[in-house]
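Source file model20.pdb; content: PDB, C-alpha atoms, pLDDT in the B column.
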```pdb
ATOM      1  CA  MET X   1      68.876  25.338  92.452  1.00 42.00           C
ATOM      2  CA  THR X   2      68.408  23.021  89.541  1.00 45.00           C
ATOM      3  CA  GLU X   3      71.007  20.691  88.164  1.00 45.00           C
ATOM      4  CA  THR X   4      71.898  20.999  84.515  1.00 45.00           C
ATOM      5  CA  ASN X   5      73.040  17.894  82.674  1.00 47.00           C
ATOM      6  CA  ILE X   6      75.527  18.705  79.984  1.00 49.00           C
ATOM      7  CA  HIS X   7      75.562  16.129  77.207  1.00 56.00           C
ATOM      8  CA  LEU X   8      78.593  16.301  74.980  1.00 58.00           C
ATOM      9  CA  ASP X   9      78.103  15.672  71.299  1.00 72.00           C
ATOM     10  CA  PRO X  10      79.507  12.250  70.233  1.00 73.00           C
ATOM     11  CA  THR X  11      81.666  14.010  67.656  1.00 79.00           C
ATOM     12  CA  ASP X  12      83.235  16.163  70.375  1.00 83.00           C
ATOM     13  CA  LYS X  13      83.891  13.076  72.487  1.00 83.00           C
ATOM     14  CA  TRP X  14      85.531  11.327  69.542  1.00 86.00           C
ATOM     15  CA  HIS X  15      87.807  14.254  68.719  1.00 86.00           C
ATOM     16  CA  GLY X  16      88.577  14.681  72.423  1.00 87.00           C
ATOM     17  CA  PHE X  17      89.752  11.072  72.557  1.00 87.00           C
ATOM     18  CA  LEU X  18      91.910  11.495  69.451  1.00 89.00           C
ATOM     19  CA  THR X  19      93.469  14.653  70.881  1.00 91.00           C
ATOM     20  CA  LEU X  20      95.029  12.523  73.624  1.00 88.00           C
ATOM     21  CA  MET X  21      97.247  10.988  70.919  1.00 90.00           C
ATOM     22  CA  ALA X  22      98.366  14.242  69.323  1.00 91.00           C
ATOM     23  CA  ASP X  23     101.880  14.061  70.820  1.00 90.00           C
ATOM     24  CA  VAL X  24     102.611  10.874  68.864  1.00 91.00           C
ATOM     25  CA  PHE X  25     102.506  12.755  65.539  1.00 93.00           C
ATOM     26  CA  THR X  26     103.671  15.941  63.945  1.00 91.00           C
ATOM     27  CA  SER X  27     100.951  18.561  63.493  1.00 91.00           C
ATOM     28  CA  PRO X  28     100.319  17.752  59.787  1.00 90.00           C
ATOM     29  CA  GLY X  29     100.545  14.034  60.529  1.00 92.00           C
ATOM     30  CA  PHE X  30      97.964  14.279  63.287  1.00 93.00           C
ATOM     31  CA  ASN X  31      95.472  15.902  60.908  1.00 92.00           C
ATOM     32  CA  ILE X  32      95.955  13.061  58.433  1.00 93.00           C
ATOM     33  CA  PHE X  33      95.684  10.464  61.195  1.00 94.00           C
ATOM     34  CA  THR X  34      92.434  12.026  62.443  1.00 93.00           C
ATOM     35  CA  SER X  35      90.868  11.823  58.986  1.00 93.00           C
ATOM     36  CA  LEU X  36      92.050   8.259  58.410  1.00 93.00           C
ATOM     37  CA  ILE X  37      90.960   6.837  61.761  1.00 93.00           C
ATOM     38  CA  SER X  38      87.603   8.621  61.485  1.00 92.00           C
ATOM     39  CA  GLY X  39      87.228   7.136  58.004  1.00 92.00           C
ATOM     40  CA  TRP X  40      88.042   3.712  59.416  1.00 92.00           C
ATOM     41  CA  VAL X  41      85.140   4.064  61.853  1.00 90.00           C
ATOM     42  CA  LEU X  42      82.725   5.421  59.243  1.00 90.00           C
ATOM     43  CA  SER X  43      83.584   3.093  56.355  1.00 87.00           C
ATOM     44  CA  PRO X  44      80.599   0.845  55.560  1.00 84.00           C
ATOM     45  CA  GLY X  45      82.603  -1.654  53.507  1.00 81.00           C
ATOM     46  CA  ARG X  46      86.196  -2.840  53.259  1.00 80.00           C
ATOM     47  CA  ARG X  47      88.526  -0.586  55.207  1.00 83.00           C
ATOM     48  CA  THR X  48      91.086   0.115  52.518  1.00 86.00           C
ATOM     49  CA  ILE X  49      93.041   3.377  52.538  1.00 88.00           C
ATOM     50  CA  THR X  50      90.987   4.663  49.603  1.00 89.00           C
ATOM     51  CA  GLN X  51      87.723   3.773  51.311  1.00 90.00           C
ATOM     52  CA  MET X  52      88.833   5.479  54.536  1.00 92.00           C
ATOM     53  CA  ILE X  53      89.791   8.613  52.604  1.00 91.00           C
ATOM     54  CA  CYS X  54      86.337   8.769  51.014  1.00 90.00           C
ATOM     55  CA  ALA X  55      84.635   8.426  54.411  1.00 90.00           C
ATOM     56  CA  GLY X  56      87.016  10.549  56.494  1.00 89.00           C
ATOM     57  CA  ASP X  57      87.816  13.298  53.976  1.00 89.00           C
ATOM     58  CA  PRO X  58      84.808  13.584  51.637  1.00 88.00           C
ATOM     59  CA  THR X  59      85.713  17.146  50.626  1.00 88.00           C
ATOM     60  CA  ASN X  60      89.254  16.182  49.531  1.00 85.00           C
ATOM     61  CA  LYS X  61      91.102  18.568  51.831  1.00 86.00           C
ATOM     62  CA  LYS X  62      94.317  16.667  51.089  1.00 88.00           C
ATOM     63  CA  GLN X  63      95.586  14.748  48.089  1.00 87.00           C
ATOM     64  CA  HIS X  64      95.200  10.976  48.196  1.00 87.00           C
ATOM     65  CA  ASP X  65      98.942  10.378  47.978  1.00 89.00           C
ATOM     66  CA  ALA X  66      99.434  12.288  51.266  1.00 90.00           C
ATOM     67  CA  TYR X  67      97.427   9.628  53.101  1.00 90.00           C
ATOM     68  CA  HIS X  68      99.237   6.728  51.439  1.00 89.00           C
ATOM     69  CA  ARG X  69     102.621   8.357  52.125  1.00 90.00           C
ATOM     70  CA  PHE X  70     101.651   8.882  55.787  1.00 91.00           C
ATOM     71  CA  VAL X  71     100.943   5.167  56.250  1.00 86.00           C
ATOM     72  CA  ARG X  72     104.041   4.093  54.337  1.00 84.00           C
ATOM     73  CA  CYS X  73     106.712   6.437  55.712  1.00 85.00           C
ATOM     74  CA  GLY X  74     105.131   8.951  58.088  1.00 85.00           C
ATOM     75  CA  ARG X  75     107.032  10.210  61.169  1.00 86.00           C
ATOM     76  CA  TRP X  76     105.177   8.348  63.889  1.00 88.00           C
ATOM     77  CA  SER X  77     105.658   5.248  66.040  1.00 88.00           C
ATOM     78  CA  MET X  78     103.103   2.455  66.271  1.00 88.00           C
ATOM     79  CA  ASP X  79     104.422   1.455  69.715  1.00 88.00           C
ATOM     80  CA  LYS X  80     103.960   4.985  71.062  1.00 91.00           C
ATOM     81  CA  LEU X  81     100.478   5.115  69.547  1.00 91.00           C
ATOM     82  CA  TRP X  82      99.529   1.833  71.239  1.00 91.00           C
ATOM     83  CA  GLN X  83     100.896   3.090  74.562  1.00 91.00           C
ATOM     84  CA  CYS X  84      99.012   6.372  74.413  1.00 91.00           C
ATOM     85  CA  MET X  85      95.784   4.707  73.319  1.00 90.00           C
ATOM     86  CA  VAL X  86      95.895   1.845  75.835  1.00 92.00           C
ATOM     87  CA  VAL X  87      96.738   4.032  78.837  1.00 91.00           C
ATOM     88  CA  SER X  88      93.976   6.469  77.853  1.00 89.00           C
ATOM     89  CA  ILE X  89      91.418   3.665  77.473  1.00 88.00           C
ATOM     90  CA  VAL X  90      92.192   2.217  80.909  1.00 90.00           C
ATOM     91  CA  LEU X  91      91.871   5.664  82.502  1.00 88.00           C
ATOM     92  CA  MET X  92      88.655   6.490  80.651  1.00 86.00           C
ATOM     93  CA  LEU X  93      87.007   3.178  81.554  1.00 85.00           C
ATOM     94  CA  SER X  94      88.162   3.483  85.193  1.00 84.00           C
ATOM     95  CA  ILE X  95      89.115  -0.187  85.300  1.00 85.00           C
ATOM     96  CA  LYS X  96      89.793  -1.300  88.868  1.00 86.00           C
ATOM     97  CA  GLY X  97      91.895  -4.215  90.037  1.00 88.00           C
ATOM     98  CA  PRO X  98      94.076  -6.398  87.788  1.00 92.00           C
ATOM     99  CA  LEU X  99      94.059  -5.901  84.041  1.00 94.00           C
ATOM    100  CA  VAL X 100      92.917  -9.097  82.319  1.00 95.00           C
ATOM    101  CA  ILE X 101      94.780  -9.624  79.042  1.00 95.00           C
ATOM    102  CA  ASP X 102      93.981 -12.298  76.453  1.00 95.00           C
ATOM    103  CA  ILE X 103      96.672 -13.231  73.915  1.00 95.00           C
ATOM    104  CA  ASP X 104      96.302 -15.335  70.784  1.00 93.00           C
ATOM    105  CA  ASP X 105      97.356 -15.350  67.150  1.00 92.00           C
ATOM    106  CA  THR X 106      95.031 -14.976  64.192  1.00 91.00           C
ATOM    107  CA  LEU X 107      95.282 -15.177  60.417  1.00 90.00           C
ATOM    108  CA  PHE X 108      94.488 -11.965  58.572  1.00 87.00           C
ATOM    109  CA  LYS X 109      93.826 -12.757  54.919  1.00 82.00           C
ATOM    110  CA  LYS X 110      95.670  -9.867  53.329  1.00 76.00           C
ATOM    111  CA  THR X 111      97.849 -10.956  50.427  1.00 72.00           C
ATOM    112  CA  GLY X 112      99.592  -9.484  47.432  1.00 73.00           C
ATOM    113  CA  ARG X 113     103.007  -8.979  45.872  1.00 73.00           C
ATOM    114  CA  LYS X 114     103.702  -5.838  47.902  1.00 74.00           C
ATOM    115  CA  ILE X 115     102.350  -7.139  51.241  1.00 80.00           C
ATOM    116  CA  GLN X 116     105.346  -7.938  53.452  1.00 82.00           C
ATOM    117  CA  GLY X 117     105.141 -10.853  55.880  1.00 83.00           C
ATOM    118  CA  THR X 118     102.538 -12.949  54.096  1.00 85.00           C
ATOM    119  CA  GLY X 119     102.900 -16.709  54.358  1.00 86.00           C
ATOM    120  CA  ILE X 120     101.002 -19.954  54.742  1.00 87.00           C
ATOM    121  CA  PHE X 121      99.817 -20.427  58.318  1.00 87.00           C
ATOM    122  CA  ARG X 122      97.256 -22.476  60.201  1.00 86.00           C
ATOM    123  CA  ASP X 123      93.756 -21.061  59.859  1.00 85.00           C
ATOM    124  CA  ALA X 124      92.228 -21.445  63.318  1.00 82.00           C
ATOM    125  CA  VAL X 125      88.746 -20.490  62.108  1.00 81.00           C
ATOM    126  CA  ARG X 126      88.539 -23.169  59.413  1.00 85.00           C
ATOM    127  CA  SER X 127      90.507 -25.844  61.267  1.00 85.00           C
ATOM    128  CA  THR X 128      88.799 -28.523  63.359  1.00 84.00           C
ATOM    129  CA  LYS X 129      89.955 -31.034  65.943  1.00 81.00           C
ATOM    130  CA  SER X 130      90.477 -33.686  63.258  1.00 87.00           C
ATOM    131  CA  LYS X 131      91.552 -31.485  60.347  1.00 89.00           C
ATOM    132  CA  VAL X 132      94.070 -28.639  60.117  1.00 89.00           C
ATOM    133  CA  VAL X 133      93.515 -26.072  57.367  1.00 88.00           C
ATOM    134  CA  TYR X 134      96.299 -23.778  56.143  1.00 88.00           C
ATOM    135  CA  SER X 135      95.755 -20.465  54.359  1.00 87.00           C
ATOM    136  CA  LEU X 136      97.784 -17.625  52.909  1.00 87.00           C
ATOM    137  CA  GLY X 137      97.813 -14.362  54.842  1.00 88.00           C
ATOM    138  CA  LEU X 138      99.378 -12.388  57.687  1.00 90.00           C
ATOM    139  CA  ASN X 139      99.839 -14.152  61.015  1.00 92.00           C
ATOM    140  CA  LEU X 140      99.193 -11.615  63.780  1.00 93.00           C
ATOM    141  CA  VAL X 141      99.786 -12.017  67.512  1.00 95.00           C
ATOM    142  CA  VAL X 142      97.078  -9.965  69.209  1.00 95.00           C
ATOM    143  CA  ALA X 143      96.625  -8.912  72.839  1.00 95.00           C
ATOM    144  CA  THR X 144      93.200  -7.719  73.983  1.00 95.00           C
ATOM    145  CA  LEU X 145      91.988  -6.086  77.185  1.00 94.00           C
ATOM    146  CA  ARG X 146      88.985  -7.927  78.631  1.00 93.00           C
ATOM    147  CA  VAL X 147      86.251  -5.425  79.486  1.00 92.00           C
ATOM    148  CA  ASN X 148      82.786  -6.071  80.902  1.00 87.00           C
ATOM    149  CA  ALA X 149      80.269  -4.064  78.876  1.00 83.00           C
ATOM    150  CA  PRO X 150      77.761  -1.949  80.848  1.00 82.00           C
ATOM    151  CA  TRP X 151      74.874  -3.661  79.005  1.00 86.00           C
ATOM    152  CA  GLY X 152      75.981  -7.105  80.214  1.00 84.00           C
ATOM    153  CA  GLY X 153      76.616 -10.232  78.201  1.00 87.00           C
ATOM    154  CA  CYS X 154      79.987 -11.654  77.236  1.00 89.00           C
ATOM    155  CA  PRO X 155      83.097  -9.532  77.928  1.00 90.00           C
ATOM    156  CA  ILE X 156      84.520  -7.449  75.098  1.00 91.00           C
ATOM    157  CA  GLY X 157      88.115  -7.791  73.936  1.00 92.00           C
ATOM    158  CA  LEU X 158      89.661  -4.403  73.095  1.00 92.00           C
ATOM    159  CA  PRO X 159      92.867  -4.745  71.022  1.00 92.00           C
ATOM    160  CA  ILE X 160      95.814  -3.231  72.895  1.00 92.00           C
ATOM    161  CA  GLY X 161      98.797  -4.694  71.064  1.00 93.00           C
ATOM    162  CA  VAL X 162      99.632  -6.397  67.761  1.00 94.00           C
ATOM    163  CA  ARG X 163     102.808  -7.938  66.385  1.00 94.00           C
ATOM    164  CA  LEU X 164     103.384  -9.465  62.940  1.00 93.00           C
ATOM    165  CA  HIS X 165     104.781 -13.004  62.925  1.00 93.00           C
ATOM    166  CA  LYS X 166     106.991 -13.676  59.915  1.00 91.00           C
ATOM    167  CA  LYS X 167     108.462 -16.937  58.711  1.00 87.00           C
ATOM    168  CA  GLY X 168     112.005 -17.301  60.037  1.00 87.00           C
ATOM    169  CA  GLY X 169     111.550 -14.448  62.509  1.00 91.00           C
ATOM    170  CA  PRO X 170     110.695 -14.375  66.236  1.00 93.00           C
ATOM    171  CA  THR X 171     108.185 -17.002  67.308  1.00 94.00           C
ATOM    172  CA  THR X 172     104.635 -16.174  68.328  1.00 94.00           C
ATOM    173  CA  VAL X 173     105.661 -16.738  71.961  1.00 94.00           C
ATOM    174  CA  ASP X 174     108.532 -14.258  71.581  1.00 95.00           C
ATOM    175  CA  LEU X 175     106.175 -11.670  70.115  1.00 96.00           C
ATOM    176  CA  ALA X 176     103.621 -12.255  72.872  1.00 95.00           C
ATOM    177  CA  GLU X 177     106.398 -11.713  75.414  1.00 95.00           C
ATOM    178  CA  VAL X 178     107.306  -8.385  73.774  1.00 95.00           C
ATOM    179  CA  ILE X 179     103.692  -7.197  74.059  1.00 95.00           C
ATOM    180  CA  ALA X 180     103.389  -8.413  77.667  1.00 95.00           C
ATOM    181  CA  VAL X 181     106.637  -6.711  78.732  1.00 94.00           C
ATOM    182  CA  TRP X 182     105.526  -3.444  77.135  1.00 94.00           C
ATOM    183  CA  LEU X 183     102.193  -3.629  78.980  1.00 94.00           C
ATOM    184  CA  SER X 184     103.934  -4.295  82.285  1.00 94.00           C
ATOM    185  CA  ARG X 185     106.067  -1.179  81.734  1.00 92.00           C
ATOM    186  CA  TRP X 186     103.067   0.967  80.831  1.00 93.00           C
ATOM    187  CA  PHE X 187     101.203  -0.157  83.959  1.00 92.00           C
ATOM    188  CA  LYS X 188     103.920  -0.539  86.569  1.00 90.00           C
ATOM    189  CA  ASP X 189     101.448  -0.108  89.419  1.00 90.00           C
ATOM    190  CA  ARG X 190      98.911  -2.601  88.061  1.00 92.00           C
ATOM    191  CA  HIS X 191      98.908  -6.404  88.036  1.00 94.00           C
ATOM    192  CA  LEU X 192      98.374  -8.188  84.723  1.00 94.00           C
ATOM    193  CA  GLU X 193      96.413 -11.423  84.445  1.00 95.00           C
ATOM    194  CA  ILE X 194      97.464 -12.839  81.076  1.00 95.00           C
ATOM    195  CA  CYS X 195      95.372 -15.669  79.613  1.00 95.00           C
ATOM    196  CA  ALA X 196      96.391 -17.704  76.560  1.00 93.00           C
ATOM    197  CA  ASP X 197      96.054 -21.203  75.124  1.00 89.00           C
ATOM    198  CA  GLY X 198      98.604 -23.995  75.403  1.00 87.00           C
ATOM    199  CA  CYS X 199     100.772 -22.637  72.585  1.00 88.00           C
ATOM    200  CA  TYR X 200     101.724 -19.727  74.843  1.00 91.00           C
ATOM    201  CA  ALA X 201     102.400 -21.747  77.996  1.00 89.00           C
ATOM    202  CA  PRO X 202     106.168 -21.016  77.681  1.00 90.00           C
ATOM    203  CA  LEU X 203     105.358 -17.445  78.748  1.00 92.00           C
ATOM    204  CA  VAL X 204     105.362 -18.817  82.301  1.00 89.00           C
ATOM    205  CA  GLY X 205     109.142 -19.138  82.083  1.00 88.00           C
ATOM    206  CA  ARG X 206     109.740 -15.708  80.557  1.00 88.00           C
ATOM    207  CA  HIS X 207     109.526 -13.833  83.907  1.00 87.00           C
ATOM    208  CA  ILE X 208     107.193 -11.036  82.831  1.00 91.00           C
ATOM    209  CA  PRO X 209     107.047  -8.372  85.599  1.00 90.00           C
ATOM    210  CA  ASN X 210     103.804  -7.835  87.519  1.00 91.00           C
ATOM    211  CA  ALA X 211     102.032 -10.612  85.644  1.00 93.00           C
ATOM    212  CA  THR X 212     100.292 -13.926  86.261  1.00 92.00           C
ATOM    213  CA  ILE X 213     100.106 -16.331  83.311  1.00 92.00           C
ATOM    214  CA  THR X 214      97.116 -18.648  82.925  1.00 92.00           C
ATOM    215  CA  SER X 215      97.526 -21.303  80.231  1.00 90.00           C
ATOM    216  CA  ARG X 216      97.449 -25.065  79.668  1.00 85.00           C
ATOM    217  CA  ILE X 217     100.392 -27.480  79.892  1.00 75.00           C
ATOM    218  CA  TYR X 218     100.874 -31.240  79.918  1.00 69.00           C
ATOM    219  CA  ARG X 219     100.950 -32.845  83.332  1.00 69.00           C
ATOM    220  CA  ASN X 220     104.291 -34.528  82.651  1.00 67.00           C
ATOM    221  CA  LEU X 221     105.947 -31.311  81.476  1.00 59.00           C
ATOM    222  CA  SER X 222     108.465 -30.159  84.082  1.00 58.00           C
ATOM    223  CA  THR X 223     110.451 -27.420  82.340  1.00 54.00           C
ATOM    224  CA  PHE X 224     110.176 -25.172  79.277  1.00 49.00           C
TER     225      PHE X 224
END
```

Representation of the structure as structure tokens:
Amino acid sequence: MTETNIHLDPTDKWHGFLTLMADVFTSPGFNIFTSLISGWVLSPGRRTITQMICAGDPTNKKQHDAYHRFVRCGRWSMDKLWQCMVVSIVLMLSIKGPLVIDIDDTLFKKTGRKIQGTGIFRDAVRSTKSKVVYSLGLNLVVATLRVNAPWGGCPIGLPIGVRLHKKGGPTTVDLAEVIAVWLSRWFKDRHLEICADGCYAPLVGRHIPNATITSRIYRNLSTF
């Protein structure tokens, strides 16, 4: 007997992965989502909605306003999409042991009159130890799953949760807690090792289930 190696086409693998998220959307919405997310992957330049439409739906199967309306007021939940995607990724990668999560905030320079949540925040990329630089944009709290790539080198951070920090709203620590609690619920049988800088040290006192927090605090700090 001879063994036959069956190699799936990358396109089939991609659509197979997207099919795992079909329950998050209605049937028409899932078709639009598939075109948009495929366009996001294929776009060579800025990933605007228009650019993603051109890359993901080159034959204009749907009108452009259908894609914009889907993003603005479509019947789907971002939290459910994150849950479905994250659980599927962990299963597909067969990650053993604790899940290592890195949390930090970043400034996304997306501004405009109709962009909600924009404000002036610290720009960590341009700031130095002696000089703090502030910029206009969206302040995002991002959680990533630390994965060791099969080709070696530095670990890869796969985004598994994002929250928008607005002026006058919940703090970045509060938003990080929301993401961490959601992850602990999605993976009740797994232990989370959450790593963050000193700004997120108060997470230690938030009692996140099934999680160990690694951060930096002052030696003379006794309570949060």

What are the nearest atom pairs, with distances in Å to one decimal, for all residues of region 27-91 of chain X that come at most 9 Å from region 161-184 of chain X, using all atoms listed in the file, set out by chain and rising residue number as JSON lines?
```
{"residue": "X:Asp79", "atom": "CA", "partner": "X:Gly161", "partner_atom": "CA", "distance": 8.4}
{"residue": "X:Trp82", "atom": "CA", "partner": "X:Gly161", "partner_atom": "CA", "distance": 6.6}
{"residue": "X:Gln83", "atom": "CA", "partner": "X:Leu183", "partner_atom": "CA", "distance": 8.1}
{"residue": "X:Val86", "atom": "CA", "partner": "X:Gly161", "partner_atom": "CA", "distance": 8.6}
```

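Closest approach to Cys73 (chain X) among X:Gly29, X:Pro202, X:Met85, X:Gly56 is made by X:Gly29 (distances from only C-alpha atoms).
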
Any chance you could work out the residue set of the PyMOL selection byres ((chain X and resi 134) around 9) here, as a PyMOL selection string? chain X and resi 120-124+126-127+132-133+135-136

Expansion of the PyMOL selection byres ((chain X and resi 105) around 9) into residues, as a VMD selection string: chain X and resid 103 to 104 106 to 107 124 139 to 143 165 172

Hey, can you check how far CA of Cys199 (chain X) sits from CA of Ile156 (chain X)? 22.4 Å

Any chance you could build region 169-184 of chain X out to N, CA, C and O atoms and write it as a short mmCIF file (atom, residue, chain, number, x, y, z; two decimals), in the coordinates of the input?
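So the final result, stored in result-v6.cif, reads:
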```
data_model
loop_
_atom_site.label_atom_id
_atom_site.label_comp_id
_atom_site.auth_asym_id
_atom_site.auth_seq_id
_atom_site.Cartn_x
_atom_site.Cartn_y
_atom_site.Cartn_z
N GLY X 169 111.32 -15.51 61.54
CA GLY X 169 111.55 -14.45 62.51
C GLY X 169 111.25 -14.92 63.92
O GLY X 169 111.21 -16.13 64.20
N PRO X 170 111.05 -14.00 64.86
CA PRO X 170 110.70 -14.38 66.24
C PRO X 170 109.42 -15.21 66.26
O PRO X 170 108.51 -15.02 65.45
N THR X 171 109.36 -16.15 67.20
CA THR X 171 108.18 -17.00 67.31
C THR X 171 106.99 -16.21 67.85
O THR X 171 107.14 -15.09 68.34
N THR X 172 105.83 -16.83 67.78
CA THR X 172 104.64 -16.17 68.33
C THR X 172 104.76 -15.97 69.84
O THR X 172 104.27 -14.98 70.37
N VAL X 173 105.44 -16.90 70.52
CA VAL X 173 105.66 -16.74 71.96
C VAL X 173 106.58 -15.55 72.23
O VAL X 173 106.35 -14.77 73.17
N ASP X 174 107.62 -15.40 71.42
CA ASP X 174 108.53 -14.26 71.58
C ASP X 174 107.79 -12.94 71.39
O ASP X 174 108.00 -11.98 72.15
N LEU X 175 106.93 -12.89 70.39
CA LEU X 175 106.18 -11.67 70.11
C LEU X 175 105.16 -11.39 71.23
O LEU X 175 104.96 -10.23 71.61
N ALA X 176 104.54 -12.44 71.75
CA ALA X 176 103.62 -12.26 72.87
C ALA X 176 104.36 -11.73 74.10
O ALA X 176 103.84 -10.90 74.85
N GLU X 177 105.59 -12.20 74.29
CA GLU X 177 106.40 -11.71 75.41
C GLU X 177 106.70 -10.22 75.25
O GLU X 177 106.65 -9.47 76.23
N VAL X 178 107.02 -9.80 74.02
CA VAL X 178 107.31 -8.38 73.77
C VAL X 178 106.10 -7.53 74.15
O VAL X 178 106.23 -6.50 74.83
N ILE X 179 104.91 -7.95 73.74
CA ILE X 179 103.69 -7.20 74.06
C ILE X 179 103.47 -7.16 75.56
O ILE X 179 103.16 -6.11 76.14
N ALA X 180 103.63 -8.33 76.22
CA ALA X 180 103.39 -8.41 77.67
C ALA X 180 104.37 -7.55 78.46
O ALA X 180 103.99 -6.89 79.43
N VAL X 181 105.64 -7.53 78.04
CA VAL X 181 106.64 -6.71 78.73
C VAL X 181 106.32 -5.23 78.56
O VAL X 181 106.43 -4.45 79.52
N TRP X 182 105.91 -4.83 77.35
CA TRP X 182 105.53 -3.44 77.14
C TRP X 182 104.36 -3.06 78.04
O TRP X 182 104.36 -1.99 78.66
N LEU X 183 103.35 -3.93 78.14
CA LEU X 183 102.19 -3.63 78.98
C LEU X 183 102.59 -3.50 80.45
O LEU X 183 102.08 -2.64 81.17
N SER X 184 103.49 -4.37 80.89
CA SER X 184 103.93 -4.30 82.28
C SER X 184 104.69 -3.00 82.57
O SER X 184 104.66 -2.49 83.69
#
```
